[in-house]
$ cat coords_36.txt   # compact mmCIF, C-alpha atoms and all ligand atoms
# COMPACT_ATOMS: atom_id res chain seq x y z
CA MET A 1 -13.34 109.47 48.68
CA SER A 2 -13.17 107.58 45.41
CA VAL A 3 -13.01 103.82 45.01
CA LEU A 4 -9.23 104.23 44.52
CA THR A 5 -8.59 106.16 47.74
CA ASN A 6 -6.24 104.24 50.07
CA LYS A 7 -6.44 101.09 47.93
CA ARG A 8 -3.23 99.05 47.72
CA ILE A 9 -2.52 98.28 44.09
CA LEU A 10 0.37 96.06 43.17
CA LEU A 11 1.47 96.92 39.63
CA GLY A 12 3.57 94.35 37.78
CA VAL A 13 5.46 95.69 34.76
CA THR A 14 6.94 93.28 32.23
CA GLY A 15 9.26 93.65 29.24
CA SER A 16 7.20 95.27 26.53
CA ILE A 17 7.87 98.61 24.86
CA ALA A 18 4.54 99.68 26.40
CA ALA A 19 6.31 99.56 29.81
CA TYR A 20 6.78 103.33 29.58
CA LYS A 21 2.98 103.72 29.59
CA ALA A 22 2.83 101.90 32.93
CA ALA A 23 4.56 104.93 34.52
CA ASP A 24 1.58 107.08 33.49
CA LEU A 25 -0.79 104.47 34.91
CA ALA A 26 1.16 104.36 38.19
CA SER A 27 1.15 108.16 38.37
CA LYS A 28 -2.59 108.52 37.69
CA LEU A 29 -3.49 105.81 40.22
CA THR A 30 -1.33 107.56 42.82
CA GLN A 31 -2.94 110.93 42.06
CA ALA A 32 -6.32 109.28 42.56
CA GLY A 33 -5.31 108.30 46.10
CA ALA A 34 -4.11 104.70 45.64
CA HIS A 35 -0.96 103.26 47.22
CA VAL A 36 0.94 101.75 44.28
CA ASP A 37 3.75 99.23 44.82
CA VAL A 38 5.51 98.24 41.62
CA ILE A 39 7.37 95.07 40.67
CA LEU A 40 9.52 95.20 37.53
CA THR A 41 10.75 92.09 35.79
CA ASP A 42 14.35 92.01 34.52
CA SER A 43 13.19 92.61 30.96
CA ALA A 44 10.94 95.52 32.02
CA GLN A 45 14.08 97.20 33.35
CA LYS A 46 15.51 97.21 29.83
CA PHE A 47 12.78 99.77 29.03
CA VAL A 48 12.15 101.63 32.32
CA THR A 49 13.82 101.89 35.72
CA PRO A 50 12.56 101.39 39.28
CA LEU A 51 13.40 105.06 39.88
CA THR A 52 10.79 106.09 37.28
CA PHE A 53 8.09 104.36 39.31
CA GLN A 54 9.39 105.35 42.73
CA SER A 55 9.38 108.96 41.55
CA VAL A 56 5.73 108.95 40.47
CA THR A 57 4.32 106.74 43.24
CA GLY A 58 6.42 107.70 46.26
CA CYS A 59 6.44 103.96 47.06
CA ARG A 60 9.05 101.24 46.61
CA ALA A 61 9.54 99.71 43.19
CA TYR A 62 10.82 96.15 43.54
CA THR A 63 12.99 94.07 41.23
CA ASP A 64 14.38 90.54 41.23
CA ALA A 65 17.31 91.84 43.30
CA ASP A 66 14.76 92.05 46.14
CA LEU A 67 13.73 88.43 45.57
CA TRP A 68 17.07 87.39 47.07
CA GLY A 69 17.52 90.41 49.37
CA ASP A 70 17.14 90.81 53.17
CA GLU A 71 13.34 90.57 53.07
CA ALA A 72 13.38 87.65 50.62
CA HIS A 73 11.63 85.15 52.88
CA VAL A 74 8.52 87.35 53.36
CA LEU A 75 8.50 89.89 50.56
CA HIS A 76 6.41 88.05 47.99
CA ILE A 77 3.94 86.87 50.63
CA GLY A 78 3.68 90.37 52.11
CA LEU A 79 3.18 92.06 48.75
CA GLY A 80 0.73 89.40 47.58
CA HIS A 81 -1.37 89.39 50.74
CA ASN A 82 -1.49 93.13 51.34
CA ALA A 83 -2.71 94.08 47.87
CA ASP A 84 -6.35 94.83 47.05
CA LEU A 85 -5.58 94.19 43.40
CA LEU A 86 -2.67 92.85 41.34
CA VAL A 87 -2.46 94.54 37.94
CA ILE A 88 0.09 93.39 35.36
CA ALA A 89 0.35 96.06 32.65
CA PRO A 90 1.85 95.57 30.19
CA CYS A 91 1.79 91.79 30.43
CA THR A 92 3.99 90.01 27.86
CA ALA A 93 3.21 86.69 26.17
CA ASN A 94 6.06 85.21 28.23
CA THR A 95 4.59 86.32 31.57
CA LEU A 96 1.12 85.13 30.49
CA ALA A 97 2.61 81.71 29.77
CA LYS A 98 4.33 81.60 33.16
CA LEU A 99 1.17 82.66 35.01
CA ALA A 100 -0.90 80.07 33.17
CA ARG A 101 1.54 77.34 34.24
CA GLY A 102 1.97 78.67 37.77
CA GLN A 103 5.69 79.18 37.22
CA ALA A 104 7.36 81.21 39.97
CA ASP A 105 10.83 82.21 38.75
CA SER A 106 10.79 85.96 39.41
CA LEU A 107 9.53 88.28 42.14
CA LEU A 108 6.49 89.10 40.01
CA THR A 109 5.46 85.54 39.18
CA VAL A 110 6.15 84.21 42.69
CA THR A 111 4.10 87.10 44.14
CA ALA A 112 1.26 86.40 41.68
CA LEU A 113 1.23 82.81 42.89
CA ALA A 114 1.25 83.89 46.54
CA SER A 115 -1.43 86.59 46.19
CA ASN A 116 -5.09 86.10 47.02
CA CYS A 117 -6.47 89.34 45.53
CA PRO A 118 -8.11 89.75 42.10
CA LEU A 119 -5.68 89.64 39.15
CA LEU A 120 -6.04 92.03 36.22
CA LEU A 121 -3.94 91.42 33.12
CA ALA A 122 -3.40 93.90 30.29
CA PRO A 123 -1.53 92.01 27.55
CA ALA A 124 0.67 93.93 25.10
CA MET A 125 2.76 92.31 22.42
CA ASP A 126 3.66 92.44 18.76
CA GLY A 127 2.24 91.14 15.51
CA GLY A 128 0.61 87.75 15.58
CA MET A 129 1.84 86.90 19.10
CA TYR A 130 -1.49 87.81 20.68
CA ASP A 131 -3.47 85.77 18.15
CA HIS A 132 -1.13 82.76 18.45
CA ALA A 133 -2.93 79.65 19.71
CA ALA A 134 -0.44 79.31 22.58
CA THR A 135 -1.18 82.83 23.88
CA GLN A 136 -4.92 82.38 23.41
CA GLU A 137 -4.85 79.07 25.30
CA ASN A 138 -2.92 80.70 28.14
CA LEU A 139 -5.43 83.57 28.27
CA ASP A 140 -8.27 81.08 28.29
CA THR A 141 -6.69 79.18 31.19
CA LEU A 142 -6.16 82.36 33.18
CA ASN A 143 -9.65 83.60 32.39
CA LYS A 144 -11.21 80.33 33.59
CA ARG A 145 -9.14 80.68 36.75
CA GLY A 146 -10.77 84.06 37.42
CA ALA A 147 -8.21 86.50 36.00
CA TYR A 148 -9.72 89.65 34.52
CA ILE A 149 -8.25 90.29 31.07
CA ILE A 150 -8.29 93.60 29.23
CA GLU A 151 -7.91 92.97 25.54
CA PRO A 152 -5.18 94.91 23.76
CA ALA A 153 -6.27 97.46 21.18
CA GLU A 154 -5.84 97.24 17.41
CA GLY A 155 -3.48 99.68 15.76
CA HIS A 156 0.12 100.62 15.07
CA LEU A 157 2.64 98.31 16.75
CA ALA A 158 6.27 99.07 17.63
CA SER A 159 7.47 96.76 14.85
CA GLY A 160 5.70 98.91 12.29
CA LEU A 161 3.04 96.25 11.80
CA THR A 162 -0.63 96.92 12.36
CA GLY A 163 -2.54 94.47 14.51
CA LYS A 164 -4.03 93.65 17.88
CA GLY A 165 -1.43 94.09 20.58
CA ARG A 166 -1.37 97.69 21.81
CA LEU A 167 -1.67 98.14 25.56
CA ALA A 168 -5.12 99.54 26.41
CA GLU A 169 -5.09 103.31 27.11
CA THR A 170 -4.49 104.48 30.69
CA THR A 171 -8.05 105.83 31.07
CA GLU A 172 -9.44 102.46 29.99
CA LEU A 173 -7.11 100.57 32.35
CA ILE A 174 -8.15 102.80 35.24
CA GLY A 175 -11.81 102.29 34.33
CA HIS A 176 -11.38 98.51 34.58
CA ILE A 177 -9.41 98.82 37.83
CA ARG A 178 -12.23 100.92 39.35
CA LEU A 179 -14.79 98.38 38.16
CA LEU A 180 -12.95 95.50 39.82
CA LEU A 181 -12.34 97.37 43.07
CA GLY A 182 -15.97 98.50 43.26
CA ARG A 183 -17.78 95.36 42.15
CA ASP A 184 -18.83 94.27 45.65
CA GLY A 185 -19.70 97.83 46.71
CA TRP A 186 -22.84 98.90 48.54
CA LEU A 187 -24.79 99.36 45.29
CA ALA A 188 -23.85 95.91 43.96
CA LYS A 189 -26.75 94.37 42.02
CA ARG A 190 -28.62 97.71 42.05
CA LYS A 191 -29.70 98.97 38.65
CA VAL A 192 -29.08 102.68 38.21
CA ILE A 193 -30.07 104.79 35.21
CA VAL A 194 -28.26 108.08 34.62
CA THR A 195 -29.01 110.61 31.88
CA ALA A 196 -26.45 113.16 30.75
CA GLY A 197 -25.70 115.89 28.23
CA GLY A 198 -27.87 118.36 26.38
CA THR A 199 -30.45 116.98 23.97
CA GLN A 200 -30.38 118.23 20.37
CA GLU A 201 -33.60 119.05 18.50
CA PRO A 202 -33.12 119.12 14.71
CA LEU A 203 -34.20 122.11 12.70
CA ASP A 204 -32.98 120.73 9.40
CA PRO A 205 -30.31 118.12 8.46
CA VAL A 206 -27.55 120.58 9.50
CA ARG A 207 -28.81 122.56 12.48
CA VAL A 208 -30.05 121.71 15.97
CA LEU A 209 -31.48 123.54 18.99
CA THR A 210 -29.43 122.59 22.03
CA ASN A 211 -27.92 123.98 25.24
CA HIS A 212 -24.59 124.41 27.03
CA SER A 213 -24.61 121.13 28.97
CA SER A 214 -21.23 119.34 28.72
CA GLY A 215 -22.48 116.12 30.32
CA LYS A 216 -19.69 116.25 32.94
CA GLN A 217 -21.95 116.05 35.99
CA GLY A 218 -23.99 113.15 34.59
CA TYR A 219 -20.88 111.20 33.55
CA ALA A 220 -19.37 111.77 37.01
CA ILE A 221 -22.56 110.39 38.58
CA ALA A 222 -22.43 107.33 36.31
CA GLN A 223 -18.79 106.76 37.36
CA ALA A 224 -19.62 107.18 41.06
CA ALA A 225 -22.44 104.63 40.73
CA LEU A 226 -20.07 102.20 38.97
CA ASP A 227 -17.52 102.73 41.76
CA ALA A 228 -20.21 101.71 44.23
CA GLY A 229 -20.78 98.49 42.27
CA ALA A 230 -24.07 99.42 40.54
CA GLN A 231 -25.15 98.16 37.12
CA VAL A 232 -25.25 101.46 35.30
CA THR A 233 -27.10 102.42 32.14
CA LEU A 234 -25.97 105.80 30.87
CA ILE A 235 -28.48 107.41 28.52
CA THR A 236 -26.51 110.19 26.93
CA ALA A 237 -27.10 113.00 24.49
CA PRO A 238 -24.06 113.86 22.35
CA THR A 239 -21.05 114.96 24.44
CA ALA A 240 -17.27 115.10 23.95
CA LEU A 241 -16.68 112.82 26.94
CA ILE A 242 -15.23 109.30 27.11
CA HIS A 243 -17.83 106.73 28.17
CA PRO A 244 -17.19 105.33 31.66
CA VAL A 245 -15.86 101.75 31.50
CA GLY A 246 -18.51 99.26 32.58
CA ALA A 247 -21.57 101.40 31.87
CA ARG A 248 -24.11 100.25 29.31
CA VAL A 249 -24.35 103.30 27.10
CA MET A 250 -27.42 104.30 25.11
CA GLN A 251 -26.70 107.17 22.76
CA VAL A 252 -29.68 109.42 22.02
CA GLN A 253 -30.07 112.80 20.41
CA THR A 254 -33.52 114.25 21.03
CA ALA A 255 -35.75 114.70 24.07
CA ARG A 256 -38.20 112.20 22.59
CA GLN A 257 -35.48 109.54 22.14
CA MET A 258 -34.35 110.18 25.71
CA LEU A 259 -37.93 109.82 26.96
CA ASP A 260 -38.34 106.47 25.17
CA ALA A 261 -34.99 105.18 26.47
CA VAL A 262 -35.70 106.30 30.06
CA LEU A 263 -39.20 104.76 30.09
CA GLN A 264 -37.84 101.50 28.68
CA GLU A 265 -34.83 101.29 31.02
CA SER A 266 -36.23 102.68 34.25
CA ALA A 267 -38.91 99.98 34.59
CA GLY A 268 -37.51 97.60 37.17
CA SER A 269 -34.50 99.76 37.99
CA ASP A 270 -33.64 101.00 41.46
CA ALA A 271 -32.71 104.61 40.75
CA LEU A 272 -33.09 107.16 37.99
CA ILE A 273 -30.88 110.26 38.04
CA MET A 274 -31.84 112.83 35.41
CA ALA A 275 -28.71 114.95 35.04
CA ALA A 276 -29.42 115.62 31.36
CA ALA A 277 -30.37 119.10 30.23
CA VAL A 278 -33.47 118.15 28.26
CA ALA A 279 -34.85 120.57 25.70
CA ASP A 280 -38.20 122.01 26.82
CA PHE A 281 -39.11 123.00 23.26
CA ARG A 282 -38.39 121.56 19.84
CA PRO A 283 -39.09 122.83 16.32
CA LYS A 284 -42.56 121.66 15.37
CA THR A 285 -41.18 120.37 12.12
CA SER A 286 -37.69 119.54 10.99
CA ALA A 287 -37.01 120.52 7.36
CA LYS A 288 -36.05 117.59 5.13
CA ASP A 289 -33.50 119.71 3.26
CA LYS A 290 -31.11 122.35 4.52
CA ILE A 291 -32.87 125.69 5.02
CA LYS A 292 -31.24 128.08 2.54
CA LYS A 293 -30.55 131.71 3.37
CA GLU A 294 -31.98 132.96 0.07
CA GLY A 295 -35.45 132.44 1.51
CA GLY A 296 -34.78 134.96 4.30
CA ALA A 297 -34.82 134.35 8.08
CA PRO A 298 -37.22 131.46 8.74
CA GLN A 299 -40.01 131.62 11.28
CA ILE A 300 -39.45 128.63 13.55
CA GLU A 301 -42.51 127.35 15.33
CA LEU A 302 -41.73 125.49 18.55
CA GLU A 303 -43.71 122.92 20.52
CA ALA A 304 -43.20 121.61 24.05
CA THR A 305 -41.36 118.34 24.62
CA ASP A 306 -42.57 115.80 27.18
CA ASP A 307 -41.29 116.19 30.72
CA ILE A 308 -39.36 112.94 31.22
CA LEU A 309 -39.32 113.01 35.03
CA LYS A 310 -43.07 113.66 35.18
CA ALA A 311 -43.65 110.82 32.73
CA VAL A 312 -41.65 108.43 34.96
CA SER A 313 -43.22 109.59 38.22
CA SER A 314 -46.75 109.36 36.91
CA ARG A 315 -46.42 106.31 34.69
CA ASN A 316 -49.59 104.29 34.61
CA ASP A 317 -48.56 101.48 32.27
CA GLY A 318 -48.25 98.99 35.12
CA LYS A 319 -44.46 99.26 35.23
CA THR A 320 -42.90 100.14 38.55
CA ARG A 321 -41.32 103.51 39.17
CA PRO A 322 -37.68 103.37 40.35
CA LYS A 323 -37.45 103.57 44.13
CA ALA A 324 -35.30 106.71 43.94
CA VAL A 325 -36.09 109.29 41.27
CA VAL A 326 -33.67 112.21 41.30
CA GLY A 327 -33.56 115.40 39.26
CA PHE A 328 -31.55 118.58 38.90
CA ALA A 329 -32.87 122.10 39.01
CA ALA A 330 -30.77 124.42 36.86
CA GLU A 331 -31.75 127.89 38.03
CA SER A 332 -30.48 131.41 37.47
CA ARG A 333 -32.73 132.92 40.22
CA ASP A 334 -34.92 131.90 43.21
CA LEU A 335 -32.87 128.70 43.41
CA LEU A 336 -34.39 126.93 46.40
CA GLU A 337 -37.97 128.00 45.75
CA ASN A 338 -37.84 126.82 42.12
CA ALA A 339 -36.04 123.61 43.07
CA SER A 340 -38.57 122.84 45.80
CA ASN A 341 -41.44 123.37 43.34
CA LYS A 342 -39.77 121.00 40.85
CA LEU A 343 -39.19 118.39 43.57
CA LYS A 344 -42.96 118.33 44.23
CA SER A 345 -44.34 118.82 40.72
CA LYS A 346 -42.06 116.13 39.24
CA GLY A 347 -42.70 113.68 42.13
CA LEU A 348 -39.02 113.34 43.03
CA ASP A 349 -37.25 111.81 46.03
CA MET A 350 -34.30 114.20 45.78
CA ILE A 351 -33.33 117.20 43.68
CA ALA A 352 -29.96 118.86 43.23
CA ALA A 353 -30.48 122.61 43.07
CA ASN A 354 -27.81 124.10 40.85
CA ASP A 355 -27.15 127.85 40.63
CA ILE A 356 -26.12 128.31 37.00
CA SER A 357 -25.59 132.07 37.37
CA ALA A 358 -22.31 131.49 39.28
CA SER A 359 -19.18 131.33 37.09
CA ASP A 360 -17.76 128.40 39.11
CA ALA A 361 -20.89 126.22 38.93
CA GLY A 362 -23.18 124.68 36.33
CA PHE A 363 -22.50 124.26 32.64
CA ALA A 364 -19.09 123.20 31.27
CA VAL A 365 -16.96 124.08 34.35
CA GLU A 366 -15.32 121.41 36.55
CA THR A 367 -17.00 122.48 39.80
CA ASN A 368 -20.54 122.73 41.10
CA ARG A 369 -22.33 124.42 43.98
CA ILE A 370 -25.31 122.27 44.92
CA THR A 371 -28.06 122.17 47.52
CA LEU A 372 -29.80 118.81 47.88
CA LEU A 373 -33.51 118.91 48.72
CA PHE A 374 -35.30 115.73 49.81
CA ALA A 375 -38.98 114.77 49.59
CA ASP A 376 -39.16 114.56 53.40
CA GLY A 377 -38.21 118.25 53.68
CA ARG A 378 -34.51 117.81 54.51
CA GLU A 379 -32.06 120.22 52.93
CA GLU A 380 -28.30 119.84 52.57
CA THR A 381 -26.07 122.58 51.18
CA LEU A 382 -22.78 121.36 49.74
CA ALA A 383 -19.70 123.58 49.50
CA LEU A 384 -18.19 124.44 46.13
CA MET A 385 -16.61 121.17 45.01
CA SER A 386 -15.64 119.19 41.93
CA LYS A 387 -18.39 117.50 39.94
CA THR A 388 -16.76 114.20 40.90
CA GLU A 389 -17.19 114.99 44.60
CA VAL A 390 -20.79 116.13 44.03
CA ALA A 391 -21.42 112.84 42.24
CA GLU A 392 -19.95 110.76 45.07
CA ILE A 393 -22.08 112.53 47.68
CA MET A 394 -25.24 112.22 45.57
CA ILE A 395 -24.66 108.49 45.02
CA GLU A 396 -24.08 108.04 48.75
CA ARG A 397 -27.37 109.85 49.56
CA ILE A 398 -29.21 107.86 46.88
CA GLY A 399 -27.81 104.66 48.43
CA LYS A 400 -29.41 105.72 51.72
CA LEU A 401 -32.74 106.40 49.98
CA LEU A 402 -32.61 102.87 48.58
CA GLY A 403 -32.01 101.52 52.08
N1 LIG A 501 -36.33 117.38 32.71
C1 LIG A 501 -37.08 116.36 32.19
N2 LIG A 501 -37.76 116.54 31.04
C2 LIG A 501 -37.76 117.73 30.42
C3 LIG A 501 -37.02 118.81 30.96
C4 LIG A 501 -36.32 118.60 32.11
O1 LIG A 501 -37.09 115.27 32.77
N3 LIG A 501 -38.43 117.87 29.28
C5 LIG A 501 -35.58 117.14 33.96
C6 LIG A 501 -34.13 117.54 33.93
O2 LIG A 501 -33.31 116.45 33.51
C7 LIG A 501 -33.86 117.92 35.37
C8 LIG A 501 -35.19 118.44 35.85
O3 LIG A 501 -36.17 117.95 34.94
O4 LIG A 501 -33.49 116.81 36.16
C9 LIG A 501 -35.31 119.94 35.89
O5 LIG A 501 -34.88 120.48 34.66
P1 LIG A 501 -34.82 122.05 34.48
O6 LIG A 501 -34.31 122.36 33.12
O7 LIG A 501 -34.13 122.68 35.66
O8 LIG A 501 -36.32 122.46 34.62
P2 LIG A 501 -37.54 122.38 33.67
O9 LIG A 501 -38.44 121.30 34.16
O10 LIG A 501 -37.09 122.26 32.26
O11 LIG A 501 -38.26 123.77 33.95
P3 LIG A 501 -37.75 125.27 33.60
O12 LIG A 501 -37.01 125.16 32.31
O13 LIG A 501 -39.01 126.04 33.50
O14 LIG A 501 -36.89 125.71 34.76
$ encode --input "coords_36.txt" --output "structure tokens"
Amino acid sequence: MSVLTNKRILLGVTGSIAAYKAADLASKLTQAGAHVDVILTDSAQKFVTPLTFQSVTGCRAYTDADLWGDEAHVLHIGLGHNADLLVIAPCTANTLAKLARGQADSLLTVTALASNCPLLLAPAMDGGMYDHAATQENLDTLNKRGAYIIEPAEGHLASGLTGKGRLAETTELIGHIRLLLGRDGWLAKRKVIVTAGGTQEPLDPVRVLTNHSSGKQGYAIAQAALDAGAQVTLITAPTALIHPVGARVMQVQTARQMLDAVLQESAGSDALIMAAAVADFRPKTSAKDKIKKEGGAPQIELEATDDILKAVSSRNDGKTRPKAVVGFAAESRDLLENASNKLKSKGLDMIAANDISASDAGFAVETNRITLLFADGREETLALMSKTEVAEIMIERIGKLLG
């Protein structure tokens, strides 16, 4: 169950060329389990049709014809009161101005006035319209009134101009929607640190020693913690993944940088989840210049890196250890025995034992096969499931550890 499952999202679409992108947003929200009702303004219908939205959401898409239809006397109140969130994307300068003034001349604006759920606005418009003092004053008014505003992006605009006015990307919009829906969740005000990705240990300015970690499991855990309302710091080694919206991201490269970041951030935090694949060994020295092949194959001397989890569990600098310290055990054999030993030797509260020999679990794939071991001796074997589902279960169990 994600933060979007069974949520009622009311999506207002206004007359911007970016209206076609709202169909993708409606589709992705529906796929994530949300119930999406759509209201199109008259000018939105110049770009897209109600049928487009009904087809991707399986729900009604309303227009101003409904404002004066059979349900007219209750429709706007019903839509406004039933929604968990009202999102207007794209939101034109005209609709912003109406909302700021409390004007109620269309089904969308009258519903916005009648609703009592959070309001998220994603402006999209051309050229200097966004920067215009009138638009900025309207945004300021709405912001002070509690509306959550997602700034448009800079870039190519439909007019051919370049400027700030592009509707934020769907993944970013969904990230903000999740953040708003989750903000009062059961981990609200809890500080959670998540590490992710495979560290890189430089050999010379060109080459690194690294591993196959994609970072997917760690990023999914960060997202699940955000969905539960936590304040998340994601300490990440290089990955190809998009940062989860709302996480404070610290980009690191080496095991030593990750150690420093974890020690700094975990003091005073509630939970630390070490999903990163940290290098156990690094080259003793990193060559200042590129190692050339003329010199023959180099002998590379390695040295051990610090064990980050052990350093956190046994810290004696007066700083408090997070209440829940969680690790992973990536094993190709003797899974539970090795995981249990790591749980004890690293002083953990929970460890996720991960069989990396299976082709459908571990590095780079979308699924994982995990057994959770707890410090009190409990054991919980999870079925093969997506890394997102693993993350949601782990965050739920960590929530219980925090009490
Ligand atoms: N870990 C760590 N610091 C390291 C290496 C690993 O904190 N220098 C963490 C990992 O993030 C993971 C857990 O320790 O949560 C176990 O990592 P794993 O690679 O499975 O085990 P290692 O401790 O490295 O032991 P081995 O390689 O011998 O299995």
$ closest_atom_pairs --input "coords_36.txt" --of "chain A" --to "ligand LIG 501 (chain A)" --cutoff "7 Å" --atoms "all atoms listed in the file" --output "CSV"
residue,atom,partner,partner_atom,distance
A:Ala255,CA,A:LIG501,N3,6.7
A:Met274,CA,A:LIG501,O2,4.3
A:Ala275,CA,A:LIG501,O2,5.1
A:Ala276,CA,A:LIG501,O2,4.5
A:Ala277,CA,A:LIG501,O2,5.1
A:Val278,CA,A:LIG501,C3,4.5
A:Ala279,CA,A:LIG501,N3,5.7
A:Asp280,CA,A:LIG501,N3,4.8
A:Thr305,CA,A:LIG501,N3,5.5
A:Asp306,CA,A:LIG501,N3,5.1
A:Asp307,CA,A:LIG501,N2,3.6
A:Ile308,CA,A:LIG501,O1,3.6
A:Leu309,CA,A:LIG501,O1,3.9
A:Lys310,CA,A:LIG501,O1,6.6
A:Val326,CA,A:LIG501,O4,6.9
A:Gly327,CA,A:LIG501,O4,3.4
A:Phe328,CA,A:LIG501,O4,3.8
A:Ala329,CA,A:LIG501,O7,3.6
A:Ala330,CA,A:LIG501,O7,4.0
A:Glu331,CA,A:LIG501,O7,6.2
A:Lys342,CA,A:LIG501,C9,6.8
$ residues_around --input "coords_36.txt" --residues "Asn82 of chain A" --least-positions-apart "6" --cutoff "12 Å" --atoms "all atoms listed in the file" --output "PyMOL selection string"
chain A and resi 7-10+35-37+74-76+111+114-118
$ atom_distance --input "coords_36.txt" --atom1 "atom CA of Arg333 of chain A" --atom2 "atom CA of Ser357 of chain A"
7.7 Å
$ atom_distance --input "coords_36.txt" --atom1 "atom CA of Thr14 of chain A" --atom2 "atom CA of Leu181 of chain A"
22.5 Å
$ residues_around --input "coords_36.txt" --residues "Thr239 of chain A" --least-positions-apart "2" --cutoff "8 Å" --atoms "all atoms listed in the file" --output "JSON, numbers by chain"
{"A": [197, 198, 214, 215, 236, 237, 241]}
$ closest_residue --input "coords_36.txt" --among "A:Tyr130, A:Tyr20, A:Trp68, A:Trp186" --to "Thr52 of chain A" --atoms "all atoms listed in the file"
A:Tyr20
$ atom_distance --input "coords_36.txt" --atom1 "atom CA of Val390 of chain A" --atom2 "atom CA of Asp360 of chain A"
13.6 Å
$ residues_around --input "coords_36.txt" --residues "Thr320 of chain A" --least-positions-apart "6" --cutoff "10 Å" --atoms "only C-alpha atoms" --output "ChimeraX atom specification"
/A:266-270,312-313
$ residues_around --input "coords_36.txt" --residues "segment 159-173 of chain A" --least-positions-apart "2" --cutoff "8 Å" --atoms "only C-alpha atoms" --output "list in words"
Ala18, Lys21, Asp24, Leu25, Ala89, Pro90, Ala122, Pro123, Ala124, Met125, Asp126, Gly127, Gly128, Tyr130, Asp131, Ile150, Glu151, Pro152, Ala153, Glu154, Gly155, His156, Leu157, Gly175, His176, Ile177 and Val245 of chain A
$ closest_residue --input "coords_36.txt" --among "A:Asp184, A:Asp317, A:Asp349, A:Asp204" --to "Leu226 of chain A" --atoms "only C-alpha atoms"
A:Asp184
$ closest_residue --input "coords_36.txt" --among "A:Gln223, A:Ser314, A:Asn211, A:Gln231" --to "Met394 of chain A" --atoms "only C-alpha atoms"
A:Gln223
$ closest_residue --input "coords_36.txt" --among "A:Thr199, A:Leu302, A:Lys98, A:Lys292" --to "Leu259 of chain A" --atoms "all atoms listed in the file"
A:Thr199
$ closest_residue --input "coords_36.txt" --among "A:Leu384, A:Leu51, A:Ala65, A:Ala339" --to "Ala358 of chain A" --atoms "only C-alpha atoms"
A:Leu384
$ closest_residue --input "coords_36.txt" --among "A:Ile351, A:Leu203, A:Ile193, A:Leu85" --to "Arg248 of chain A" --atoms "all atoms listed in the file"
A:Ile193
